[in-house]
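Enquirer: My structure is stored as upload.cif, with mmCIF, C-alpha atoms.
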data_upload
#
loop_
_atom_site.label_atom_id
_atom_site.label_comp_id
_atom_site.auth_asym_id
_atom_site.auth_seq_id
_atom_site.Cartn_x
_atom_site.Cartn_y
_atom_site.Cartn_z
CA MET U 36 17.31 -34.33 29.27
CA GLY U 37 15.42 -36.62 26.90
CA ALA U 38 12.58 -34.11 26.63
CA LEU U 39 15.03 -31.30 25.87
CA LYS U 40 16.72 -33.39 23.18
CA GLY U 41 13.34 -34.29 21.70
CA TRP U 42 12.35 -30.62 21.69
CA LEU U 43 15.65 -29.56 20.09
CA LEU U 44 15.38 -32.19 17.37
CA HIS U 45 11.72 -31.47 16.65
CA ARG U 46 11.06 -30.49 13.04
CA VAL U 47 9.52 -27.15 14.10
CA THR U 48 12.59 -26.20 16.14
CA ILE U 49 14.96 -27.29 13.38
CA THR U 50 12.99 -25.43 10.69
CA PHE U 51 12.87 -22.16 12.61
CA ALA U 52 16.52 -22.54 13.65
CA VAL U 53 17.54 -22.98 10.00
CA ILE U 54 15.45 -19.94 9.01
CA ALA U 55 17.03 -17.91 11.82
CA LEU U 56 20.51 -19.00 10.72
CA ILE U 57 19.79 -18.02 7.12
CA VAL U 58 18.44 -14.63 8.19
CA VAL U 59 21.43 -13.94 10.46
CA GLY U 60 23.88 -15.12 7.80
CA TRP U 61 22.23 -13.05 5.10
CA ASN U 62 22.18 -9.93 7.27
CA ALA U 63 25.85 -10.43 8.15
CA TYR U 64 26.66 -10.71 4.44
CA VAL U 65 24.61 -7.60 3.67
CA ALA U 66 26.31 -5.62 6.46
CA ALA U 67 29.72 -6.56 5.06
CA HIS U 68 28.87 -5.64 1.45
CA ASP U 69 26.60 -2.59 1.60
CA ASP U 70 28.92 0.33 0.87
CA GLY U 71 27.11 0.99 -2.39
CA ILE U 72 30.31 0.79 -4.41
CA LEU U 73 29.74 0.29 -8.11
CA GLU U 74 32.86 0.01 -10.23
CA GLY U 75 33.63 -0.75 -13.84
CA VAL U 76 35.56 0.18 -16.95
CA VAL U 77 34.47 2.09 -20.05
CA VAL U 78 36.06 0.95 -23.30
CA ASP U 79 35.90 2.10 -26.92
CA PRO U 80 34.76 -0.15 -29.80
CA SER U 81 38.28 -1.62 -30.06
CA GLY U 82 38.30 -2.51 -26.35
CA GLU U 83 40.73 0.22 -25.25
CA PRO U 84 39.90 2.04 -21.95
CA VAL U 85 38.37 5.48 -22.44
CA PRO U 86 39.55 8.21 -20.03
CA GLY U 87 37.27 11.21 -19.44
CA ALA U 88 34.00 9.50 -20.43
CA GLU U 89 30.91 10.68 -18.64
CA VAL U 90 29.06 7.89 -16.79
CA VAL U 91 25.49 8.48 -15.64
CA LEU U 92 23.92 6.22 -13.02
CA SER U 93 20.12 6.11 -12.97
CA GLU U 94 17.64 4.41 -10.70
CA ARG U 95 15.21 2.10 -12.42
CA THR U 96 11.96 2.01 -10.52
CA ILE U 97 9.02 -0.11 -11.63
CA VAL U 98 7.62 2.85 -13.57
CA SER U 99 10.46 5.29 -14.26
CA LEU U 100 14.17 5.95 -14.84
CA ALA U 101 15.73 8.78 -12.80
CA PRO U 102 19.41 9.87 -12.90
CA ILE U 103 20.97 9.81 -9.42
CA ALA U 104 24.73 10.35 -9.98
CA THR U 105 27.27 11.24 -12.60
CA THR U 106 31.02 10.67 -12.72
CA THR U 107 33.94 10.71 -15.15
CA THR U 108 36.33 7.87 -15.92
CA ASP U 109 39.96 8.15 -14.81
CA GLY U 110 43.13 7.61 -16.87
CA GLN U 111 42.51 3.82 -17.01
CA GLY U 112 38.89 4.25 -18.08
CA ARG U 113 37.63 3.22 -14.65
CA PHE U 114 34.64 4.73 -12.89
CA ARG U 115 33.35 4.36 -9.35
CA PHE U 116 30.11 5.30 -7.59
CA GLU U 117 29.58 5.14 -3.85
CA ARG U 118 26.50 5.04 -1.62
CA HIS U 119 24.01 4.79 -4.47
CA ASN U 120 21.47 3.26 -2.06
CA ARG U 121 19.44 1.55 -4.81
CA HIS U 122 18.85 -2.01 -5.96
CA ALA U 123 17.84 -1.56 -9.62
CA LEU U 124 20.17 0.63 -11.65
CA VAL U 125 20.86 1.63 -15.22
CA LEU U 126 24.23 2.86 -16.43
CA ASN U 127 24.97 5.03 -19.46
CA ALA U 128 28.39 6.19 -20.63
CA SER U 129 29.31 8.64 -23.35
CA LYS U 130 32.20 10.67 -24.74
CA PRO U 131 31.53 13.09 -27.58
CA GLU U 132 34.41 12.08 -29.86
CA VAL U 133 34.10 8.32 -29.17
CA GLY U 134 30.38 7.54 -28.89
CA GLN U 135 27.93 6.34 -26.30
CA SER U 136 26.95 3.08 -24.70
CA GLY U 137 23.60 1.39 -24.62
CA ARG U 138 21.73 1.07 -21.35
CA VAL U 139 23.47 -1.30 -18.97
CA GLU U 140 20.93 -2.82 -16.57
CA ILE U 141 22.30 -3.63 -13.13
CA ARG U 142 20.17 -5.66 -10.73
CA LEU U 143 21.36 -6.05 -7.16
CA TYR U 144 20.27 -8.47 -4.44
CA PHE U 145 19.96 -5.65 -1.90
CA ARG U 146 20.26 -1.88 -1.75
CA ASN U 147 23.78 -0.48 -1.68
CA GLN U 148 25.27 -3.84 -2.68
CA ASN U 149 28.91 -3.54 -3.77
CA ARG U 150 29.38 -4.63 -7.33
CA GLU U 151 32.17 -4.60 -9.86
CA LEU U 152 30.97 -4.93 -13.44
CA GLU U 153 32.60 -7.96 -15.05
CA VAL U 154 31.78 -6.79 -18.58
CA PRO U 155 33.20 -3.39 -19.61
CA VAL U 156 30.79 -0.66 -20.71
CA ARG U 157 31.44 -0.37 -24.43
CA LEU U 158 31.03 2.93 -26.28
CA GLU U 159 29.71 2.72 -29.83
CA PRO U 160 29.97 5.49 -32.42
CA ALA U 161 26.69 7.41 -32.80
CA GLY U 162 24.59 6.42 -35.84
CA MET C 271 -2.63 -57.80 0.06
CA HIS C 272 -5.32 -55.55 -1.35
CA ARG C 273 -8.39 -56.95 -2.96
CA TYR C 274 -8.41 -54.35 -5.72
CA PRO C 275 -5.50 -52.71 -7.54
CA ARG C 276 -4.65 -49.39 -5.97
CA TRP C 277 -3.14 -47.67 -8.99
CA PRO C 278 -6.46 -46.16 -10.21
CA ILE C 279 -6.84 -44.41 -6.85
CA HIS C 280 -3.24 -43.22 -6.95
CA LEU C 281 -3.68 -42.02 -10.52
CA ALA C 282 -6.81 -40.09 -9.59
CA LEU C 283 -5.04 -38.58 -6.58
CA CYS C 284 -2.06 -37.61 -8.73
CA LEU C 285 -4.40 -35.91 -11.19
CA ALA C 286 -6.16 -34.07 -8.36
CA CYS C 287 -2.78 -32.98 -6.96
CA PHE C 288 -1.71 -31.79 -10.40
CA VAL C 289 -4.87 -29.71 -10.84
CA MET C 290 -4.48 -28.18 -7.37
CA LEU C 291 -0.75 -27.54 -7.59
CA ILE C 292 -0.64 -26.04 -11.09
CA PRO C 293 -1.90 -22.58 -9.98
CA ILE C 294 0.67 -22.49 -7.17
CA TYR C 295 3.39 -23.59 -9.58
CA TRP C 296 2.26 -20.88 -12.00
CA VAL C 297 2.47 -18.18 -9.33
CA VAL C 298 5.99 -19.29 -8.32
CA LYS C 299 7.09 -19.56 -11.95
CA THR C 300 5.78 -16.07 -12.79
CA SER C 301 7.49 -14.68 -9.70
CA ILE C 302 10.90 -15.73 -11.03
CA THR C 303 10.36 -15.05 -14.73
CA GLY C 304 7.92 -12.13 -14.88
CA GLU C 305 6.21 -13.76 -17.86
CA ASN C 306 2.83 -12.32 -18.63
CA ILE C 307 0.17 -14.75 -17.49
CA PHE C 308 -1.62 -14.36 -20.84
CA ALA C 309 1.50 -15.08 -22.93
CA TYR C 310 0.85 -17.55 -25.73
CA PRO C 311 2.03 -20.23 -26.11
CA PRO C 312 2.38 -20.68 -22.34
CA SER C 313 5.65 -22.23 -21.21
CA LEU C 314 5.64 -24.81 -18.48
CA VAL C 315 9.36 -24.50 -17.81
CA PRO C 316 10.60 -21.12 -16.48
CA ARG C 317 12.62 -19.12 -19.02
CA ASN C 318 15.53 -17.06 -17.65
CA PRO C 319 14.59 -17.44 -13.97
CA GLN C 320 16.00 -14.78 -11.64
CA PRO C 321 15.24 -13.65 -8.09
CA PHE C 322 15.14 -9.89 -8.65
CA PHE C 323 11.36 -9.58 -8.65
CA TYR C 324 11.53 -10.56 -4.99
CA VAL C 325 13.99 -7.72 -4.40
CA ASP C 326 11.64 -5.32 -6.21
CA ALA C 327 8.69 -6.46 -4.12
CA TRP C 328 10.72 -6.22 -0.91
CA TYR C 329 11.62 -2.57 -1.54
CA ALA C 330 8.46 -1.41 -3.36
CA ILE C 331 6.50 -1.36 -0.11
CA PRO C 332 7.58 -1.61 3.55
CA PHE C 333 7.47 -5.40 3.45
CA PRO C 334 9.32 -6.07 6.76
CA TRP C 335 6.92 -3.76 8.57
CA PHE C 336 3.82 -5.43 7.09
CA PHE C 337 5.34 -8.82 7.88
CA PHE C 338 6.00 -7.76 11.47
CA ASN C 339 2.39 -6.57 11.86
CA SER C 340 1.05 -9.83 10.41
CA VAL C 341 3.25 -11.89 12.74
CA ILE C 342 2.25 -9.92 15.86
CA VAL C 343 -1.45 -10.16 15.00
CA ALA C 344 -1.15 -13.88 14.17
CA LEU C 345 0.65 -14.57 17.47
CA MET C 346 -2.02 -12.74 19.46
CA VAL C 347 -4.76 -14.63 17.60
CA ILE C 348 -3.08 -18.02 18.11
CA LEU C 349 -2.52 -17.49 21.86
CA ALA C 350 -6.04 -16.17 22.41
CA ASN C 351 -7.56 -19.01 20.40
CA LEU C 352 -5.65 -21.62 22.37
CA LEU C 353 -6.70 -20.07 25.67
CA PHE C 354 -10.35 -19.31 24.96
CA ASN C 355 -11.15 -22.27 22.71
CA ALA C 356 -9.53 -24.80 25.02
CA ALA C 357 -11.38 -23.33 28.02
CA ALA C 358 -14.69 -23.29 26.15
CA GLY C 359 -14.12 -26.79 24.76
CA TYR C 360 -13.30 -28.10 28.23
CA ALA C 361 -16.41 -26.46 29.66
CA LEU C 362 -18.54 -28.12 27.00
CA THR C 363 -17.31 -31.56 28.06
CA LYS C 364 -19.03 -30.99 31.44
CA HIS C 365 -22.68 -31.46 32.16
CA PHE C 366 -24.49 -28.30 33.22
CA PRO C 367 -27.97 -26.82 32.75
CA GLY C 368 -28.42 -25.14 29.37
CA LYS C 369 -25.42 -26.87 27.76
CA ARG C 370 -27.57 -28.07 24.89
CA TRP C 371 -28.78 -24.51 24.26
CA ILE C 372 -25.26 -23.14 24.32
CA ILE C 373 -24.14 -25.70 21.76
CA LEU C 374 -27.15 -24.83 19.61
CA LEU C 375 -26.33 -21.14 19.97
CA PHE C 376 -22.73 -21.82 18.88
CA LEU C 377 -23.94 -23.81 15.88
CA ALA C 378 -26.38 -21.04 14.96
CA CYS C 379 -23.63 -18.42 15.25
CA MET C 380 -21.43 -20.46 12.93
CA MET C 381 -23.98 -19.93 10.22
CA ILE C 382 -23.76 -16.13 10.42
CA PRO C 383 -20.95 -14.90 8.17
CA PHE C 384 -18.49 -12.38 9.58
CA HIS C 385 -19.54 -9.89 6.93
CA ALA C 386 -22.97 -9.70 8.55
CA THR C 387 -21.51 -8.78 11.94
CA ILE C 388 -18.81 -6.48 10.70
CA ILE C 389 -20.63 -3.23 11.58
CA PRO C 390 -21.26 -4.22 15.24
CA ALA C 391 -17.68 -5.50 15.39
CA TYR C 392 -16.44 -2.15 14.09
CA LEU C 393 -18.57 -0.20 16.57
CA ILE C 394 -17.39 -2.33 19.50
CA THR C 395 -13.76 -1.96 18.42
CA ALA C 396 -14.25 1.79 18.11
CA GLU C 397 -15.84 1.95 21.59
CA LEU C 398 -12.82 0.11 22.98
CA GLY C 399 -10.54 2.63 21.28
CA LEU C 400 -8.80 -0.12 19.31
CA LEU C 401 -9.32 1.14 15.77
CA ASN C 402 -6.09 1.35 13.79
CA SER C 403 -4.25 -0.92 16.24
CA ARG C 404 -2.83 -4.45 16.18
CA LEU C 405 -5.00 -5.52 19.11
CA GLY C 406 -8.05 -4.24 17.24
CA LEU C 407 -6.99 -6.31 14.24
CA ALA C 408 -6.72 -9.45 16.33
CA LEU C 409 -9.73 -8.98 18.61
CA PRO C 410 -12.56 -10.41 16.43
CA ALA C 411 -10.43 -13.49 15.68
CA PHE C 412 -9.74 -14.28 19.34
CA SER C 413 -12.05 -17.29 19.23
CA HIS C 414 -13.48 -19.43 16.45
CA ILE C 415 -16.46 -21.63 17.17
CA ILE C 416 -15.26 -24.43 14.93
CA CYS C 417 -12.04 -24.57 16.96
CA ILE C 418 -14.07 -24.82 20.18
CA PHE C 419 -15.77 -27.91 18.76
CA ILE C 420 -12.41 -29.35 17.70
CA PHE C 421 -11.20 -29.01 21.30
CA LYS C 422 -14.47 -30.43 22.62
CA ALA C 423 -14.21 -33.48 20.33
CA SER C 424 -10.61 -34.01 21.36
CA PHE C 425 -11.37 -33.65 25.10
CA ASP C 426 -14.37 -35.97 24.77
CA ALA C 427 -12.04 -38.69 23.49
CA ILE C 428 -9.97 -38.58 26.70
CA PRO C 429 -11.08 -41.26 29.21
CA PRO C 430 -13.10 -39.63 32.04
CA SER C 431 -11.29 -41.90 34.54
CA LEU C 432 -8.15 -39.79 34.04
CA ILE C 433 -9.97 -36.62 35.08
CA GLN C 434 -11.67 -38.37 37.99
CA ALA C 435 -8.30 -39.65 39.22
CA ALA C 436 -6.88 -36.14 39.05
CA LYS C 437 -9.88 -34.75 40.94
CA ILE C 438 -9.48 -37.37 43.66
CA ASP C 439 -5.87 -36.24 43.99
CA GLY C 440 -7.14 -32.67 44.48
CA VAL C 441 -5.89 -31.19 41.21
CA PRO C 442 -7.77 -27.96 40.42
CA GLU C 443 -9.75 -27.69 37.17
CA TRP C 444 -7.34 -25.30 35.44
CA GLN C 445 -4.44 -27.67 36.10
CA ILE C 446 -6.48 -30.61 34.84
CA MET C 447 -6.97 -28.70 31.60
CA LEU C 448 -3.40 -27.42 31.38
CA LYS C 449 -1.48 -30.51 32.52
CA ILE C 450 -3.73 -33.41 31.52
CA MET C 451 -6.15 -32.42 28.78
CA LEU C 452 -3.98 -30.18 26.60
CA PRO C 453 -0.96 -32.54 26.43
CA LEU C 454 -3.35 -35.31 25.37
CA ALA C 455 -4.98 -33.08 22.77
CA LYS C 456 -1.89 -32.12 20.76
CA ALA C 457 -3.74 -32.68 17.50
CA ALA C 458 -6.45 -30.22 18.52
CA VAL C 459 -3.80 -27.70 19.59
CA ALA C 460 -2.04 -28.05 16.21
CA THR C 461 -5.34 -27.69 14.37
CA ASN C 462 -6.16 -24.57 16.37
CA VAL C 463 -2.73 -23.11 15.68
CA ILE C 464 -2.95 -23.77 11.95
CA LEU C 465 -6.53 -22.61 11.46
CA SER C 466 -6.20 -19.47 13.57
CA PHE C 467 -2.85 -18.63 11.97
CA ILE C 468 -4.10 -19.05 8.41
CA TRP C 469 -7.35 -17.16 9.03
CA SER C 470 -5.50 -14.33 10.72
CA TRP C 471 -2.70 -14.28 8.15
CA ASN C 472 -5.05 -14.15 5.14
CA ASP C 473 -7.63 -11.79 6.61
CA PHE C 474 -8.19 -8.83 4.34
CA LEU C 475 -11.62 -7.32 4.97
CA TRP C 476 -11.28 -6.55 8.68
CA PRO C 477 -7.84 -4.86 8.36
CA LEU C 478 -9.15 -2.93 5.35
CA ILE C 479 -11.96 -1.52 7.49
CA ILE C 480 -10.17 -0.63 10.70
CA ILE C 481 -6.64 0.25 9.58
CA ARG C 482 -5.87 3.78 8.43
CA ASP C 483 -2.10 4.14 8.79
CA VAL C 484 0.35 2.42 6.46
CA GLU C 485 2.53 1.33 9.37
CA MET C 486 -0.35 -0.70 10.83
CA GLN C 487 -1.13 -2.60 7.63
CA THR C 488 -0.80 -6.37 7.40
CA LEU C 489 0.45 -8.31 4.38
CA PRO C 490 -2.88 -8.88 2.57
CA LEU C 491 -3.60 -5.17 2.88
CA GLY C 492 -0.06 -4.49 1.67
CA LEU C 493 -0.81 -6.60 -1.37
CA SER C 494 -3.75 -4.39 -2.26
CA THR C 495 -1.58 -1.30 -1.68
CA PHE C 496 1.00 -2.83 -3.98
CA LEU C 497 -1.63 -3.33 -6.66
CA ALA C 498 -2.90 0.22 -6.22
CA TYR C 499 0.56 1.80 -6.58
CA PHE C 500 1.84 -0.21 -9.51
CA GLU C 501 0.12 -1.70 -12.51
CA ASP C 502 2.73 -3.22 -14.79
CA THR C 503 4.38 -5.39 -12.15
CA THR C 504 3.60 -8.97 -13.04
CA GLY C 505 6.82 -10.49 -11.69
CA ALA C 506 7.05 -8.35 -8.56
CA LEU C 507 3.35 -8.82 -7.83
CA TYR C 508 3.63 -12.59 -8.01
CA ALA C 509 6.81 -12.49 -5.95
CA PHE C 510 4.90 -10.55 -3.31
CA CYS C 511 2.12 -13.17 -3.44
CA VAL C 512 4.66 -15.94 -2.82
CA MET C 513 6.16 -14.00 0.09
CA VAL C 514 2.67 -13.64 1.62
CA LEU C 515 1.78 -17.29 1.04
CA ALA C 516 5.04 -18.86 2.19
CA PRO C 517 4.61 -18.52 6.00
CA GLY C 518 1.11 -20.05 5.88
CA LEU C 519 2.35 -22.97 3.79
CA LEU C 520 5.29 -23.47 6.12
CA VAL C 521 3.10 -23.56 9.24
CA PHE C 522 0.70 -25.98 7.56
CA LEU C 523 3.46 -28.30 6.36
CA LEU C 524 5.08 -28.33 9.81
CA ALA C 525 1.89 -29.31 11.60
CA GLN C 526 -0.07 -31.15 8.92
CA LYS C 527 0.13 -34.54 10.66
CA GLU C 528 -1.41 -33.19 13.86
CA PHE C 529 -3.79 -31.06 11.82
CA ILE C 530 -5.28 -34.10 10.06
CA GLN C 531 -5.46 -35.95 13.39
CA GLY C 532 -7.20 -32.96 14.95
CA LEU C 533 -9.82 -32.75 12.26
CA THR C 534 -10.59 -36.47 12.50
CA SER C 535 -10.29 -36.87 16.29
CA GLY C 536 -14.07 -36.73 16.74
CA ALA C 537 -14.46 -39.63 14.35
CA ARG C 538 -12.16 -41.81 16.45
CA LYS C 539 -13.91 -41.29 19.75
CA GLY C 540 -13.94 -44.36 21.90
#
Kindly present the structure from the file in structure tokens form.
Expert:
Amino acid sequence: MGALKGWLLHRVTITFAVIALIVVGWNAYVAAHDDGILEGVVVDPSGEPVPGAEVVLSERTIVSLAPIATTTTDGQGRFRFERHNRHALVLNASKPEVGQSGRVEIRLYFRNQNRELEVPVRLEPAG
Amino acid sequence: MHRYPRWPIHLALCLACFVMLIPIYWVVKTSITGENIFAYPPSLVPRNPQPFFYVDAWYAIPFPWFFFNSVIVALMVILANLLFNAAAGYALTKHFPGKRWIILLFLACMMIPFHATIIPAYLITAELGLLNSRLGLALPAFSHIICIFIFKASFDAIPPSLIQAAKIDGVPEWQIMLKIMLPLAKAAVATNVILSFIWSWNDFLWPLIIIRDVEMQTLPLGLSTFLAYFEDTTGALYAFCVMVLAPGLLVFLLAQKEFIQGLTSGARKG
């Protein structure tokens, strides 16, 4: 009994148990948040939602930028992507009569992480 | 009460620690900031630290697979080293004809670098059909002569009366080694574990020579693959380096007390 307690409380056992707990916890978190849902709102320069804006989602690799999906904002200016399966993304939005946004960099902690953009994507008039 | 003030020694040790730790700190700092190593003026404090370079490194190459290969190879090397080195060390504590010559042969072999024997090692591995396999990766590291001597020094320090008592009680040799010698030589075991783990974990040349498939690569080989694929990856590259270094540091920190004891056990004989 004493030997078992000593073995359980040994620093090696505790360290690897903590690592195992972190790994299990992290994987559980990932499994619960990996639908690849990316949501946000597109607004005009005055902050009003922009319906019908085109939003392009691109993958940012270490060496390139490649478009992977496109969508259009709804009546409330909201957009939504699903199953993007990437961890480094760039978002662009545009609407001909309103303007276009700058590049919005999105970094995720794991692929397919669900994320709602806290800051709206703002369109600026061209020029 | 010390005869001399100790602060000069502590100051010198602090300076030595600083010099040794600065490169490690720089690697960790670059891994979370991505700052170019040649940036001037250099900043000691990380600016805008973020963990995403680790995510980039994780996905840029099959990191979990490389990690798995490294762990499997390291486990095989550790187990084989404990078995073979302990047996050889125990044998060298006995008196038998030619023991002196065997020790001399071991010492002579220690002076031959692995690079000089790499072609015969490759040919033997190929003959055994173990090229491009995890067992082939581990095989040349199954025993290290220095670890045999660490076991021998540790076993020599154990009072012979203990072994004689066990023999009188009819305990076979393998049980004497397993149940009496090894539990009393924990420091040597820890030293063997650390040294064989670190040598196996950091080995680059041997995997480079015998591994052909990506799925058989270990982490150091993965690091070179990483460098070959991408050039402008300062942050991700350093993050990868930290991920390769971390397990070795962890194992060392966990067993450092026994490791130091193991390395000095020969000096405390008697």
Enquirer: For the provided coordinates, the residues matched by the PyMOL selection byres ((chain U and resi 82-98) around 7) should be stated as a list in words.
Expert: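 What the PyMOL selection byres ((chain U and resi 82-98) around 7) grabs from the file is Val76, Val77, Val78, Asp79, Pro80, Ser81, Ser99, Leu100, Ala101, Pro102, Ile103, Ala104, Thr105, Thr106, Thr107, Thr108, Asp109, Gly110, Gln111, Gly112, Arg121, Ala123, Leu124, Val125, Leu126, Asn127, Ala128, Ser129 and Lys130 of chain U.
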Enquirer: Find the spatial neighbours of region 43-59 of chain U, counting only C-alpha atoms, within a cut-off of 9 Å - ignore same-chain residues fewer than 6 positions away - and output them as a list in words.
Expert: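 So, after excluding close chain neighbours, the residues are Val521, Leu524 and Ala525 of chain C.
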Enquirer: Taking all atoms listed in the file into account, name the residue in U:His122, U:Arg157, U:Lys40, U:Arg150 that is nearest to chain C.
Expert: U:His122
Enquirer: Restricting the calculation to only C-alpha atoms, which member of C:Phe522, C:Phe308, C:Phe336, C:Phe425 is positioned closest to chain U?
Expert: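 Smallest separation from chain U among the options: C:Phe522.
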Enquirer: Taking into account all atoms listed in the file, which residue in the set C:Lys527, C:Ala435, C:Arg276, C:Ala378 is nearest to chain U?
Expert: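 Answer, going by the shortest atom-to-atom distance: C:Lys527.
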Enquirer: With the file shown as input, list the residues that the PyMOL selection byres ((chain U) within 7 of (chain C)) selects, as a ChimeraX atom specification.
Expert: /U:47,142,144-145
Enquirer: Give me, please, the distance in Å between CA of Lys456 (chain C) and CA of Ala423 (chain C), quoted to one decimal.
Expert: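 So the answer is 12.4 Å.
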Enquirer: Which neighbours of Leu73 (chain U) fall inside 9 Å, counting all atoms listed in the file, when residues of the same chain fewer than 5 positions from it are skipped, and could you give them as a PyMOL selection string?
Expert: chain U and resi 114-119+147-152
Enquirer: Between C:Gln531, C:Ser313, C:Ser301, C:Asn355, single out the one closest to Asn462 (chain C), counting only C-alpha atoms.
Expert: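 Selected residue with least distance to Asn462 (chain C): C:Asn355.
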Enquirer: Which residues would end up in the selection if the PyMOL selection byres ((chain C and resi 517) around 12) were applied here, given that I need the answer as a ChimeraX atom specification?
Expert: /U:50-51,54 /C:337,340-341,344,464,467-468,470-472,489,511-516,518-524
Enquirer: Which polymer residues have any atom within 12 Å of an atom of region 394-398 of chain C, counting all atoms listed in the file, with same-chain residues fewer than 3 positions away left out, as a ChimeraX atom specification?
Expert: /C:387-391,401-410,476,479-481
Enquirer: Quote the spacing between CA of Ala458 (chain C) and CA of Ser424 (chain C) in Å to one decimal place.
Expert: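 For CA of Ala458 (chain C) relative to CA of Ser424 (chain C), the distance reads 6.3 Å.
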Enquirer: List as number ranges by chain the protein and nucleic acid residues near Thr495 (chain C), meaning an atom at most 10 Å away when all atoms listed in the file are counted, but skip any in the same chain fewer than 6 places from it.
Expert: C: 331, 484, 487, 489
Enquirer: Between CA of Gly60 (chain U) and CA of Glu153 (chain U), what is the distance, to one decimal in Å?
Expert: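 Calculated distance between CA of Gly60 (chain U) and CA of Glu153 (chain U) is 25.5 Å.
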Enquirer: Find, counting all atoms listed in the file, the residue in C:Val459, C:Cys379, C:Leu349, C:Leu478 that gets nearest to Pro490 (chain C).
Expert: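 Going through C:Val459, C:Cys379, C:Leu349, C:Leu478 one by one, the smallest distance to Pro490 (chain C) is for C:Leu478.
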Enquirer: Can you find the residues with an atom no farther than 12 Å from (-19.2, -33.6, 29.2), counting all atoms listed in the file, and report them as a ChimeraX atom specification?
Expert: /C:358-367,369-370,373,422-430,433
Enquirer: Could I see region 42-56 of chain U restored to N, CA and C atoms, set down as a short mmCIF file (atom, residue, chain, number, x, y, z; two decimals), keeping the file's coordinate frame?
Expert:
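part.cif, freshly written:
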data_model
loop_
_atom_site.label_atom_id
_atom_site.label_comp_id
_atom_site.auth_asym_id
_atom_site.auth_seq_id
_atom_site.Cartn_x
_atom_site.Cartn_y
_atom_site.Cartn_z
N TRP U 42 12.82 -31.95 22.07
CA TRP U 42 12.35 -30.62 21.69
C TRP U 42 13.33 -29.97 20.71
N LEU U 43 14.63 -30.17 20.98
CA LEU U 43 15.65 -29.56 20.09
C LEU U 43 15.64 -30.19 18.70
N LEU U 44 15.34 -31.50 18.66
CA LEU U 44 15.38 -32.19 17.37
C LEU U 44 14.01 -32.22 16.69
N HIS U 45 13.05 -31.50 17.26
CA HIS U 45 11.72 -31.47 16.65
C HIS U 45 11.78 -30.69 15.34
N ARG U 46 10.97 -31.11 14.38
CA ARG U 46 11.06 -30.49 13.04
C ARG U 46 10.74 -28.99 13.08
N VAL U 47 9.86 -28.58 14.01
CA VAL U 47 9.52 -27.15 14.10
C VAL U 47 10.74 -26.35 14.57
N THR U 48 11.40 -26.88 15.62
CA THR U 48 12.59 -26.20 16.14
C THR U 48 13.68 -26.12 15.07
N ILE U 49 13.90 -27.25 14.40
CA ILE U 49 14.96 -27.29 13.38
C ILE U 49 14.63 -26.31 12.24
N THR U 50 13.38 -26.31 11.81
CA THR U 50 12.99 -25.43 10.69
C THR U 50 13.22 -23.97 11.06
N PHE U 51 12.73 -23.57 12.23
CA PHE U 51 12.87 -22.16 12.61
C PHE U 51 14.33 -21.81 12.92
N ALA U 52 15.09 -22.79 13.41
CA ALA U 52 16.52 -22.54 13.65
C ALA U 52 17.24 -22.33 12.33
N VAL U 53 16.91 -23.14 11.33
CA VAL U 53 17.54 -22.98 10.00
C VAL U 53 17.17 -21.63 9.41
N ILE U 54 15.88 -21.25 9.54
CA ILE U 54 15.45 -19.94 9.01
C ILE U 54 16.21 -18.82 9.73
N ALA U 55 16.32 -18.94 11.06
CA ALA U 55 17.03 -17.91 11.82
C ALA U 55 18.49 -17.82 11.39
N LEU U 56 19.11 -18.98 11.16
CA LEU U 56 20.51 -19.00 10.72
C LEU U 56 20.66 -18.31 9.36
#
